[in-house]
Amino acid sequence: FQPWRSKFESEIAEGFIGPGRIKTLLVKPQTFYNETGRALSKVAQFYKLSPEDIVVLHDEIDLAPGRVRLKQGGGHSGNNGIRSMIAHLGENVRRVRIGVGHPGDKSRVMPYV
């Protein structure tokens, strides 16, 4: 992958993966978490990506630490970053949900994540 560069309110690295050398973008939005959809939308528009071309990796408190689940479509489950992404790109984005566990008490969720 090429070095990270700032573009579209994000840090972006371009490279190729797999035997077919598929062009791949790594994107780290630099917006507030609840506005990540805005940055992803700018990237998608510039690179002419459809929601089906995008895979988002994100933390998931409803999964045990280290557990990983794949998901396509569906709601945001209270995750404000995913809510923003759905608002800007729609529900058809594939997701890799990475478990971080739940802190136990609902009042401790915000400081935990």
# chains A, B, ... in the order shown; residues from 1 in each chain; ligands from 1
$ residues_around --residues "segment 61-67 of chain A" --least-positions-apart "4" --cutoff "7 Å" --atoms "only C-alpha atoms" --output "PyMOL selection string"
chain A and resi 98-102
$ atom_distance --atom1 "atom CA of Gln72 of chain A" --atom2 "atom CA of His58 of chain A"
13.1 Å
$ residues_around --residues "Arg94 of chain A" --least-positions-apart "5" --cutoff "9 Å" --atoms "only C-alpha atoms" --output "list of chain:residue names"
A:Pro51, A:Glu52, A:Asp53, A:Ile54, A:Val55, A:Val56, A:Leu57, A:Leu70, A:Lys71, A:Gln72, A:Gly73
$ write_last_selection --atoms "C-alpha atoms" --output "CSV table (one decimal), in the first residue's frame"
chain,number,residue,atom,x,y,z
A,51,PRO,CA,-22.4,0.7,-1.5
A,52,GLU,CA,-21.8,-3.0,-2.5
A,53,ASP,CA,-18.1,-2.1,-3.2
A,54,ILE,CA,-17.5,-1.0,0.4
A,55,VAL,CA,-16.6,-3.1,3.4
A,56,VAL,CA,-16.6,-1.3,6.8
A,57,LEU,CA,-14.8,-2.6,9.8
A,70,LEU,CA,-19.8,-10.4,8.8
A,71,LYS,CA,-23.0,-8.6,8.0
A,72,GLN,CA,-24.6,-7.0,4.9
A,73,GLY,CA,-27.5,-4.6,5.3
$ closest_residue --among "A:Gly20, A:Thr31, A:Ala39, A:Asn92" --to "Phe8 of chain A" --atoms "only C-alpha atoms"
A:Ala39
$ select_by_dssp --residues "chain A" --states "helix (DSSP H, G or I)" --output "number ranges by chain"
A: 33-47, 51-53, 80-89, 106-112
$ select_by_dssp --residues "segment 24-76 of chain A" --states "strand (DSSP E or B)" --output "list in words"
Thr24, Leu25, Leu26, Val27, Lys28, Pro29, Val55, Val56, Leu57, His58, Asp59, Glu60, Val68, Arg69, Leu70, Lys71 and Gln72 of chain A
$ closest_residue --among "A:Tyr47, A:Val68, A:His88, A:Leu40" --to "Glu14 of chain A" --atoms "only C-alpha atoms"
A:Tyr47
$ closest_residue --among "A:Gly104, A:Pro3, A:Gly81, A:Gly75" --to "Gln30 of chain A" --atoms "only C-alpha atoms"
A:Gly81
$ atom_distance --atom1 "atom CA of Pro103 of chain A" --atom2 "atom CA of Gly37 of chain A"
26.1 Å
$ atom_distance --atom1 "atom CA of Ser41 of chain A" --atom2 "atom CA of Arg21 of chain A"
24.5 Å
$ closest_residue --among "A:Arg97, A:Lys48, A:Arg38, A:Arg69" --to "Ser84 of chain A" --atoms "only C-alpha atoms"
A:Arg38
$ closest_residue --among "A:Lys28, A:Tyr112, A:Phe16, A:Phe46" --to "Glu60 of chain A" --atoms "only C-alpha atoms"
A:Tyr112
